[in-house]
Protein chains: 2
Amino acid sequence: MTSLDPEALGARAYAMISELAAISAEPNRLVRLFLTPEHRRAADVVARWMHEAGLAVSEDALGTLRGRFGMSRRRLLIGSHLDSVIDAGKYDGPLGVIAGILAAEPFARAKAKLPFGIDVLAFGDEEGSRFPATMASSSACAGVFDQSTLSLADATGVTLASALRAYGKSPHDIAAAAYRPQDAAAYVEVHIEQGPVLESKGEPLGVVTGIVGQTRLLVTVNGEAGHAGTVPMHLRRDAYAGAAEMALALEKIVRAHRDDAMVGTVGRIEVKPGAVNIIPSQAVFTVDLRSLTDRTRKFAAERFEDEARRITTQRGLTYTVETFHEIATAECAPVLQDLLAQSISELGHNPIRLPSGAGHDAQVMAGLCPSAMLFVRCRGGISHNPAEFASVSDMGLAIAALIRFIERFQ
Amino acid sequence: MTSLDPEALGARAYAMISELAAISAEPNRLVRLFLTPEHRRAADVVARWMHEAGLAVSEDALGTLRGRFGMSRRRLLIGSHLDSVIDAGKYDGPLGVIAGILAAEPFARAKAKLPFGIDVLAFGDEEGSRFPATMASSSACAGVFDQSTLSLADATGVTLASALRAYGKSPHDIAAAAYRPQDAAAYVEVHIEQGPVLESKGEPLGVVTGIVGQTRLLVTVNGEAGHAGTVPMHLRRDAYAGAAEMALALEKIVRAHRDDAMVGTVGRIEVKPGAVNIIPSQAVFTVDLRSLTDRTRKFAAERFEDEARRITTQRGLTYTVETFHEIATAECAPVLQDLLAQSISELGHNPIRLPSGAGHDAQVMAGLCPSAMLFVRCRGGISHNPAEFASVSDMGLAIAALIRFIERFQ
């Protein structure tokens, strides 16, 4: 068995996380979007680390870095993502990639004889902050990449296809990025919890039982522009007033399903023409809807559309709803959960079992092979925010647990 | 008395309006904002027209063009504006400037001996589409320019002060733009109605009795960003949910004052950080509130702020409300109304008396001198929209009525 020094592993992880956190599109906040110059710089740094850890580095058609150890066809996949939300924290994503590298390193250095190879995967597109789609990178690895995603455009009108080409990739190579199911032994991902459960239990590590399903909608409301001074209220067809009413309707529907841990968010809203003295002719907004059961989430999405229909009819508006992302609730493989739990116990901690309210690449990878996640306590449950924080000790324990997991894995 | 051919005057006005409409920041829609290259090009064209009409041209510190006829200290001011809303119609503003030029022309050509001089004024900032303030140009002419306006910034962060300097102007010269009250005999403005009254009465021209007061607010709602998947609904401080609730509260308050012809509009809303999977930490929106009586409008603005307080308290949010524009209801001078009505009658039409639901430079100028407005029928009451339309005949009648008004004016 490999000897472990969790504090040293945590300190190395922290130094690496800090190096990645400095790679941002903006000087005063962390913004690292898919297929941008910042993504390129971060990937180059990670490729160097993989190489130094003794892994053979390659990059697929979606920009996913692979650090490979061992020649077996059968691969244990360990991954997470390098992209960030806008004004992000520094742990969400990078911790999992770095944990994979640092956990694979002792096996690579020792040229360990394992009945499987290890691939450390650094995905580029988990957050969906640039294009209106998420997890394109892991979808390619899982062999479920949706070709229609290629024509989606970012806020400046650049499509995913042309962004990929500018990144030096070809859409023709996407099929080759997929693992054959018989080669993918399992997928495991280390990630900060992004919620308050582990902190409230006083435990550093948790084993994820399942990942909530998600539905993301793009809602467009159309009305009629008009002079803000001369069109009487009863003759208006104000697209924004309709959109605001829909946002509150969503909130009400979601709150009615509290027992299913349902959450719903309008995170983006844009109004046209967008002048103080013009009645808005169009409002476009996103809905992010998540819950622990697929059935309840689908029911809530239908109720939201009923409300959208009622509100727009009453107001003389029209609307369209486009589902641009839909991912089912994913159960984590019980056998892998147990291996992770045993590894945590061996380090002297109580392995808390908990669901994940956030989406992760593991959700997509679960369609390819048995998958699991190891959660790391984060302060205040805060994430997607510069205040995001995980301690050096907790990160070190996670990497140590991942090493023990690799030793146990068959 | 000058001989009049309204159809010919209307045709000339239409040709000039079309020439100005081609001057836009965008190829497929009309966008002509204050102190932009488009403003400069439009002002250069108007200056040429003024010169050709026999007027002496100058330009003040806010970019207002003046076409002067006659040497009297006592001036009859005739004006309107060259700036537009975003995706504008072509009549709102330019018609009044062009009507002034074409009405002054016969007097200038004939070197008419009048007991007053005429100043045709082309203001640059009536709509407030660039900076969060309106009517800066006419405020300078009326001697009520607010120096704090200089530090307001447009959407790209450029302040009014620096935009003025880039336009070749100096804030030090603003005081010199003001008329002395004893020199300003009256102000008159021709404008499309921007509402449906004249059309519904089947009359081409109307005399404005008064202009509605306006209050414009910039509302900032602050909450806390968070992960859209992991923060339970009851722990959220979602700034956008609060802003949406405020927009609906505004609508409810305004509808309760229908008898006062009250209207209220949220025309701009921006949400930060603005990602599909992040709970908004901030929402900033504008409120445009208008009514026929100042007292009722102020009461409604107070009720809105009560609701903002209640909503933000309930949701754990904070808010600020900044009144960035406030203008009182302005009565049009009865003696000028009567002169306009007599001029319309003489042309064989019934002078409809009606209030203006839209704000106009005349509102500011009414603080300097007796002021009046002549409204021109517009199709469907549509304005601030590319479908805005006034007929050649109606525009010609308006210019003819303005010429008769000048003849009658003492």
# chains A, B, ... in the order shown; residues from 1 in each chain; ligands from 1
call {"tool": "interface_residues", "arguments": {"of": "chain B", "to": "chain A", "cutoff": "8 Å", "atoms": "only C-alpha atoms", "output": "ChimeraX atom specification"}}
result
/B:85-87,127-129,194-195,225-233,240-241,244-245,247-248,255,261-271,273-280,286-288,290,356-359,382-385
call {"tool": "select_by_dssp", "arguments": {"residues": "region 156-330 of chain A", "states": "strand (DSSP E)", "output": "MDAnalysis selection string"}}
result
chainID A and resid 184:192 205:211 213:222 226:227 263:265 269:272 278:279 282:291 318:327 330
call {"tool": "write_last_selection", "arguments": {"atoms": "C-alpha atoms", "output": "PDB file, in the first residue's frame"}}
result
ATOM      1  CA  ALA A 184     -14.567   1.979 -19.389  1.00  0.00           C
ATOM      2  CA  ALA A 185     -14.346   0.110 -16.066  1.00  0.00           C
ATOM      3  CA  ALA A 186     -15.638   2.984 -13.947  1.00  0.00           C
ATOM      4  CA  TYR A 187     -15.647   6.766 -13.559  1.00  0.00           C
ATOM      5  CA  VAL A 188     -14.919   8.537 -10.296  1.00  0.00           C
ATOM      6  CA  GLU A 189     -14.911  12.276  -9.569  1.00  0.00           C
ATOM      7  CA  VAL A 190     -13.732  14.282  -6.575  1.00  0.00           C
ATOM      8  CA  HIS A 191     -15.598  17.577  -6.144  1.00  0.00           C
ATOM      9  CA  ILE A 192     -16.398  20.152  -3.476  1.00  0.00           C
ATOM     10  CA  LEU A 205     -15.725  13.740   3.043  1.00  0.00           C
ATOM     11  CA  GLY A 206     -18.966  12.368   1.646  1.00  0.00           C
ATOM     12  CA  VAL A 207     -20.048   9.656  -0.773  1.00  0.00           C
ATOM     13  CA  VAL A 208     -22.617  10.760  -3.326  1.00  0.00           C
ATOM     14  CA  THR A 209     -25.666   8.519  -3.654  1.00  0.00           C
ATOM     15  CA  GLY A 210     -27.049  10.196  -6.782  1.00  0.00           C
ATOM     16  CA  ILE A 211     -27.011  13.412  -8.777  1.00  0.00           C
ATOM     17  CA  GLY A 213     -31.654  15.653 -12.746  1.00  0.00           C
ATOM     18  CA  GLN A 214     -31.777  18.988 -14.521  1.00  0.00           C
ATOM     19  CA  THR A 215     -33.935  20.692 -17.100  1.00  0.00           C
ATOM     20  CA  ARG A 216     -32.788  23.958 -18.622  1.00  0.00           C
ATOM     21  CA  LEU A 217     -35.193  26.053 -20.639  1.00  0.00           C
ATOM     22  CA  LEU A 218     -34.724  29.085 -22.851  1.00  0.00           C
ATOM     23  CA  VAL A 219     -37.970  31.068 -22.759  1.00  0.00           C
ATOM     24  CA  THR A 220     -38.697  33.800 -25.307  1.00  0.00           C
ATOM     25  CA  VAL A 221     -41.647  36.114 -24.716  1.00  0.00           C
ATOM     26  CA  ASN A 222     -42.807  38.341 -27.561  1.00  0.00           C
ATOM     27  CA  GLY A 226     -44.447  51.102 -27.729  1.00  0.00           C
ATOM     28  CA  HIS A 227     -43.965  54.533 -26.208  1.00  0.00           C
ATOM     29  CA  VAL A 263     -34.859  24.226  -6.965  1.00  0.00           C
ATOM     30  CA  GLY A 264     -35.578  26.598  -9.856  1.00  0.00           C
ATOM     31  CA  THR A 265     -33.619  29.631 -10.996  1.00  0.00           C
ATOM     32  CA  ILE A 269     -32.854  37.745 -18.489  1.00  0.00           C
ATOM     33  CA  GLU A 270     -32.513  40.091 -21.442  1.00  0.00           C
ATOM     34  CA  VAL A 271     -35.068  42.616 -22.575  1.00  0.00           C
ATOM     35  CA  LYS A 272     -35.367  44.305 -25.969  1.00  0.00           C
ATOM     36  CA  ILE A 278     -39.911  51.943 -24.457  1.00  0.00           C
ATOM     37  CA  ILE A 279     -42.283  49.126 -23.597  1.00  0.00           C
ATOM     38  CA  GLN A 282     -39.165  40.875 -26.222  1.00  0.00           C
ATOM     39  CA  ALA A 283     -37.834  39.198 -23.106  1.00  0.00           C
ATOM     40  CA  VAL A 284     -35.578  36.140 -23.186  1.00  0.00           C
ATOM     41  CA  PHE A 285     -34.705  34.267 -20.019  1.00  0.00           C
ATOM     42  CA  THR A 286     -33.317  30.955 -18.823  1.00  0.00           C
ATOM     43  CA  VAL A 287     -34.866  28.517 -16.361  1.00  0.00           C
ATOM     44  CA  ASP A 288     -32.708  26.016 -14.452  1.00  0.00           C
ATOM     45  CA  LEU A 289     -34.863  23.367 -12.778  1.00  0.00           C
ATOM     46  CA  ARG A 290     -33.510  20.487 -10.655  1.00  0.00           C
ATOM     47  CA  SER A 291     -34.948  17.803  -8.443  1.00  0.00           C
ATOM     48  CA  THR A 318     -46.703  34.884 -27.424  1.00  0.00           C
ATOM     49  CA  TYR A 319     -43.931  32.643 -26.148  1.00  0.00           C
ATOM     50  CA  THR A 320     -41.629  29.795 -27.053  1.00  0.00           C
ATOM     51  CA  VAL A 321     -39.911  27.384 -24.668  1.00  0.00           C
ATOM     52  CA  GLU A 322     -36.835  25.505 -25.806  1.00  0.00           C
ATOM     53  CA  THR A 323     -35.363  22.735 -23.651  1.00  0.00           C
ATOM     54  CA  PHE A 324     -31.660  23.213 -24.301  1.00  0.00           C
ATOM     55  CA  HIS A 325     -30.384  20.849 -21.630  1.00  0.00           C
ATOM     56  CA  GLU A 326     -32.016  17.874 -19.993  1.00  0.00           C
ATOM     57  CA  ILE A 327     -30.251  15.345 -17.878  1.00  0.00           C
ATOM     58  CA  ALA A 330     -28.102   9.602 -12.044  1.00  0.00           C
TER      59      ALA A 330
END
call {"tool": "atom_distance", "arguments": {"atom1": "CA of Ser200 (chain B)", "atom2": "CA of Asp259 (chain B)"}}
result
19.4 Å
call {"tool": "residues_around", "arguments": {"residues": "region 75-84 of chain A", "least_positions_apart": "4", "cutoff": "7 Å", "atoms": "only C-alpha atoms", "output": "PyMOL selection string"}}
result
chain A and resi 31-34+39+88+93-94+96-97+100+116-127+183-189+361
call {"tool": "write_last_selection", "arguments": {"atoms": "C-alpha atoms", "output": "mmCIF file, in the first residue's frame"}}
result
data_model
loop_
_atom_site.group_PDB
_atom_site.id
_atom_site.type_symbol
_atom_site.label_atom_id
_atom_site.label_comp_id
_atom_site.auth_asym_id
_atom_site.auth_seq_id
_atom_site.Cartn_x
_atom_site.Cartn_y
_atom_site.Cartn_z
ATOM 1 C CA VAL A 31 -13.809 33.762 -15.608
ATOM 2 C CA ARG A 32 -12.526 30.749 -17.550
ATOM 3 C CA LEU A 33 -14.888 29.700 -20.304
ATOM 4 C CA PHE A 34 -14.833 26.743 -22.698
ATOM 5 C CA HIS A 39 -9.015 27.433 -21.364
ATOM 6 C CA ALA A 88 -16.214 31.771 -9.919
ATOM 7 C CA GLY A 93 -13.684 21.611 -11.143
ATOM 8 C CA PRO A 94 -9.917 22.039 -10.757
ATOM 9 C CA GLY A 96 -11.160 16.979 -9.155
ATOM 10 C CA VAL A 97 -8.662 17.183 -12.013
ATOM 11 C CA GLY A 100 -6.877 12.686 -10.230
ATOM 12 C CA PHE A 116 -6.550 -1.751 -15.260
ATOM 13 C CA GLY A 117 -5.132 1.496 -16.627
ATOM 14 C CA ILE A 118 -5.935 4.962 -15.315
ATOM 15 C CA ASP A 119 -7.094 7.917 -17.398
ATOM 16 C CA VAL A 120 -7.200 11.300 -15.702
ATOM 17 C CA LEU A 121 -9.668 13.462 -17.629
ATOM 18 C CA ALA A 122 -9.801 17.266 -17.619
ATOM 19 C CA PHE A 123 -13.087 18.274 -19.250
ATOM 20 C CA GLY A 124 -13.586 21.786 -20.605
ATOM 21 C CA ASP A 125 -17.321 22.337 -20.507
ATOM 22 C CA GLU A 126 -19.188 21.367 -17.400
ATOM 23 C CA GLU A 127 -20.729 24.693 -16.400
ATOM 24 C CA ASP A 183 -13.160 -0.431 -21.991
ATOM 25 C CA ALA A 184 -14.567 1.979 -19.389
ATOM 26 C CA ALA A 185 -14.346 0.110 -16.066
ATOM 27 C CA ALA A 186 -15.638 2.984 -13.947
ATOM 28 C CA TYR A 187 -15.647 6.766 -13.559
ATOM 29 C CA VAL A 188 -14.919 8.537 -10.296
ATOM 30 C CA GLU A 189 -14.911 12.276 -9.569
ATOM 31 C CA ASP A 361 -19.782 15.283 -15.509
#
call {"tool": "residues_around", "arguments": {"residues": "Gly157 (chain B)", "least_positions_apart": "5", "cutoff": "12 Å", "atoms": "only C-alpha atoms", "output": "NGL selection string"}}
result
:B and (130-132 or 151-152 or 162-163)
call {"tool": "atom_distance", "arguments": {"atom1": "CA of Ala21 (chain A)", "atom2": "CA of Glu38 (chain A)"}}
result
10.5 Å
call {"tool": "residues_around", "arguments": {"residues": "Ala333 (chain B)", "least_positions_apart": "6", "cutoff": "8 Å", "atoms": "only C-alpha atoms", "output": "list in words"}}
result
Pro370, Ser371 and Ala372 of chain B
call {"tool": "residues_around", "arguments": {"residues": "region 69-72 of chain B", "least_positions_apart": "2", "cutoff": "10 Å", "atoms": "only C-alpha atoms", "output": "list in words"}}
result
Met50, Ala53, Gly54, Leu55, Ala56, Val57, Arg66, Gly67, Arg74, Arg75, Leu76, Ala104, Glu105, Phe107, Ala108, Arg109, Lys111, Ala112, Lys113, Leu114, Pro115, Phe116, Gly117, Ile118, Asp119, Val120 and Asp183 of chain B
call {"tool": "residues_around", "arguments": {"residues": "Leu4 (chain B)", "least_positions_apart": "2", "cutoff": "12 Å", "atoms": "only C-alpha atoms", "output": "JSON list (two decimals) with C-alpha atoms, in the first residue's frame"}}
result
[["chain", "number", "residue", "atom", "x", "y", "z"],
["B", 1, "MET", "CA", -49.95, 86.96, -45.27],
["B", 2, "THR", "CA", -47.67, 84.29, -46.67],
["B", 6, "PRO", "CA", -49.53, 72.59, -47.33],
["B", 7, "GLU", "CA", -49.01, 69.64, -49.71],
["B", 8, "ALA", "CA", -45.76, 71.15, -51.01],
["B", 9, "LEU", "CA", -44.58, 71.92, -47.46],
["B", 10, "GLY", "CA", -45.43, 68.35, -46.43],
["B", 102, "LEU", "CA", -39.68, 75.42, -43.12],
["B", 103, "ALA", "CA", -41.93, 77.81, -41.15],
["B", 106, "PRO", "CA", -40.61, 82.42, -45.72],
["B", 346, "GLU", "CA", -58.18, 79.05, -40.44],
["B", 347, "LEU", "CA", -56.84, 76.07, -42.38],
["B", 396, "GLY", "CA", -47.87, 70.04, -44.40],
["B", 397, "LEU", "CA", -50.92, 71.31, -42.49],
["B", 398, "ALA", "CA", -48.87, 71.46, -39.29],
["B", 399, "ILE", "CA", -46.18, 73.60, -40.96],
["B", 400, "ALA", "CA", -48.83, 75.84, -42.49],
["B", 401, "ALA", "CA", -50.47, 76.25, -39.07],
["B", 402, "LEU", "CA", -47.07, 77.11, -37.59],
["B", 403, "ILE", "CA", -46.56, 79.80, -40.24],
["B", 404, "ARG", "CA", -49.99, 81.26, -39.42]]
call {"tool": "decode", "arguments": {"residues": "region 23-36 of chain B", "atoms": "all heavy atoms", "output": "compact mmCIF listing (two decimals), in the first residue's frame"}}
result
# COMPACT_ATOMS: atom_id res chain seq x y z
N ILE B 23 -29.54 58.44 -41.34
CA ILE B 23 -28.35 58.63 -40.49
C ILE B 23 -28.56 57.86 -39.19
O ILE B 23 -29.27 58.30 -38.28
CB ILE B 23 -28.11 60.14 -40.22
CG1 ILE B 23 -27.93 60.87 -41.54
CG2 ILE B 23 -26.88 60.31 -39.31
CD1 ILE B 23 -27.83 62.38 -41.40
N SER B 24 -27.93 56.70 -39.10
CA SER B 24 -28.16 55.79 -37.98
C SER B 24 -26.87 55.06 -37.64
O SER B 24 -26.01 54.87 -38.50
CB SER B 24 -29.24 54.77 -38.38
OG SER B 24 -29.33 53.75 -37.41
N ALA B 25 -26.76 54.64 -36.40
CA ALA B 25 -25.59 53.86 -35.98
C ALA B 25 -25.65 52.44 -36.49
O ALA B 25 -24.64 51.73 -36.47
CB ALA B 25 -25.49 53.86 -34.45
N GLU B 26 -26.83 51.99 -36.95
CA GLU B 26 -26.98 50.61 -37.38
C GLU B 26 -27.64 50.58 -38.76
O GLU B 26 -28.50 51.41 -39.05
CB GLU B 26 -27.84 49.83 -36.38
CG GLU B 26 -27.20 49.77 -35.00
CD GLU B 26 -28.00 48.92 -34.01
OE1 GLU B 26 -28.83 48.12 -34.45
OE2 GLU B 26 -27.76 49.09 -32.80
N PRO B 27 -27.25 49.60 -39.60
CA PRO B 27 -27.77 49.61 -40.97
C PRO B 27 -29.25 49.27 -41.07
O PRO B 27 -29.94 49.78 -41.95
CB PRO B 27 -26.93 48.53 -41.68
CG PRO B 27 -26.39 47.67 -40.58
CD PRO B 27 -26.27 48.53 -39.35
N ASN B 28 -29.77 48.44 -40.14
CA ASN B 28 -31.13 47.95 -40.33
C ASN B 28 -32.16 48.53 -39.38
O ASN B 28 -33.31 48.11 -39.37
CB ASN B 28 -31.14 46.42 -40.23
CG ASN B 28 -30.32 45.80 -41.34
OD1 ASN B 28 -30.39 46.26 -42.49
ND2 ASN B 28 -29.50 44.82 -41.00
N ARG B 29 -31.75 49.46 -38.53
CA ARG B 29 -32.73 50.12 -37.67
C ARG B 29 -32.20 51.48 -37.29
O ARG B 29 -30.99 51.74 -37.37
CB ARG B 29 -33.07 49.28 -36.45
CG ARG B 29 -31.87 48.90 -35.60
CD ARG B 29 -32.31 48.03 -34.41
NE ARG B 29 -31.25 48.00 -33.41
CZ ARG B 29 -31.41 47.58 -32.17
NH1 ARG B 29 -32.57 47.16 -31.76
NH2 ARG B 29 -30.40 47.58 -31.31
N LEU B 30 -33.10 52.37 -36.89
CA LEU B 30 -32.72 53.75 -36.60
C LEU B 30 -32.28 53.89 -35.15
O LEU B 30 -33.07 53.68 -34.22
CB LEU B 30 -33.90 54.68 -36.91
CG LEU B 30 -33.68 56.17 -36.64
CD1 LEU B 30 -32.42 56.68 -37.31
CD2 LEU B 30 -34.88 56.98 -37.10
N VAL B 31 -31.01 54.24 -34.98
CA VAL B 31 -30.43 54.45 -33.65
C VAL B 31 -29.56 55.69 -33.76
O VAL B 31 -28.48 55.65 -34.36
CB VAL B 31 -29.57 53.25 -33.20
CG1 VAL B 31 -28.99 53.50 -31.81
CG2 VAL B 31 -30.36 51.95 -33.22
N ARG B 32 -30.02 56.81 -33.20
CA ARG B 32 -29.23 58.05 -33.29
C ARG B 32 -29.18 58.65 -31.89
O ARG B 32 -30.13 59.30 -31.46
CB ARG B 32 -29.86 58.99 -34.31
CG ARG B 32 -28.91 60.05 -34.84
CD ARG B 32 -29.47 60.78 -36.06
NE ARG B 32 -30.79 61.28 -35.78
CZ ARG B 32 -31.86 61.04 -36.54
NH1 ARG B 32 -31.76 60.34 -37.64
NH2 ARG B 32 -33.04 61.51 -36.19
N LEU B 33 -28.08 58.40 -31.21
CA LEU B 33 -27.97 58.80 -29.81
C LEU B 33 -27.17 60.09 -29.67
O LEU B 33 -26.38 60.46 -30.53
CB LEU B 33 -27.34 57.67 -28.98
CG LEU B 33 -28.02 56.29 -29.07
CD1 LEU B 33 -27.38 55.32 -28.09
CD2 LEU B 33 -29.51 56.38 -28.81
N PHE B 34 -27.40 60.74 -28.55
CA PHE B 34 -26.80 62.02 -28.18
C PHE B 34 -25.27 61.97 -28.25
O PHE B 34 -24.65 61.06 -27.70
CB PHE B 34 -27.25 62.34 -26.75
CG PHE B 34 -26.91 63.71 -26.23
CD1 PHE B 34 -26.95 64.83 -27.05
CD2 PHE B 34 -26.62 63.88 -24.87
CE1 PHE B 34 -26.67 66.09 -26.54
CE2 PHE B 34 -26.35 65.14 -24.35
CZ PHE B 34 -26.36 66.25 -25.19
N LEU B 35 -24.68 62.93 -28.96
CA LEU B 35 -23.22 63.13 -28.98
C LEU B 35 -22.46 61.97 -29.63
O LEU B 35 -21.29 61.75 -29.32
CB LEU B 35 -22.68 63.39 -27.56
CG LEU B 35 -23.32 64.58 -26.83
CD1 LEU B 35 -22.76 64.69 -25.42
CD2 LEU B 35 -23.11 65.89 -27.59
N THR B 36 -23.11 61.26 -30.51
CA THR B 36 -22.45 60.19 -31.26
C THR B 36 -22.08 60.72 -32.64
O THR B 36 -22.51 61.80 -33.04
CB THR B 36 -23.41 59.00 -31.43
OG1 THR B 36 -24.60 59.47 -32.09
CG2 THR B 36 -23.79 58.40 -30.09
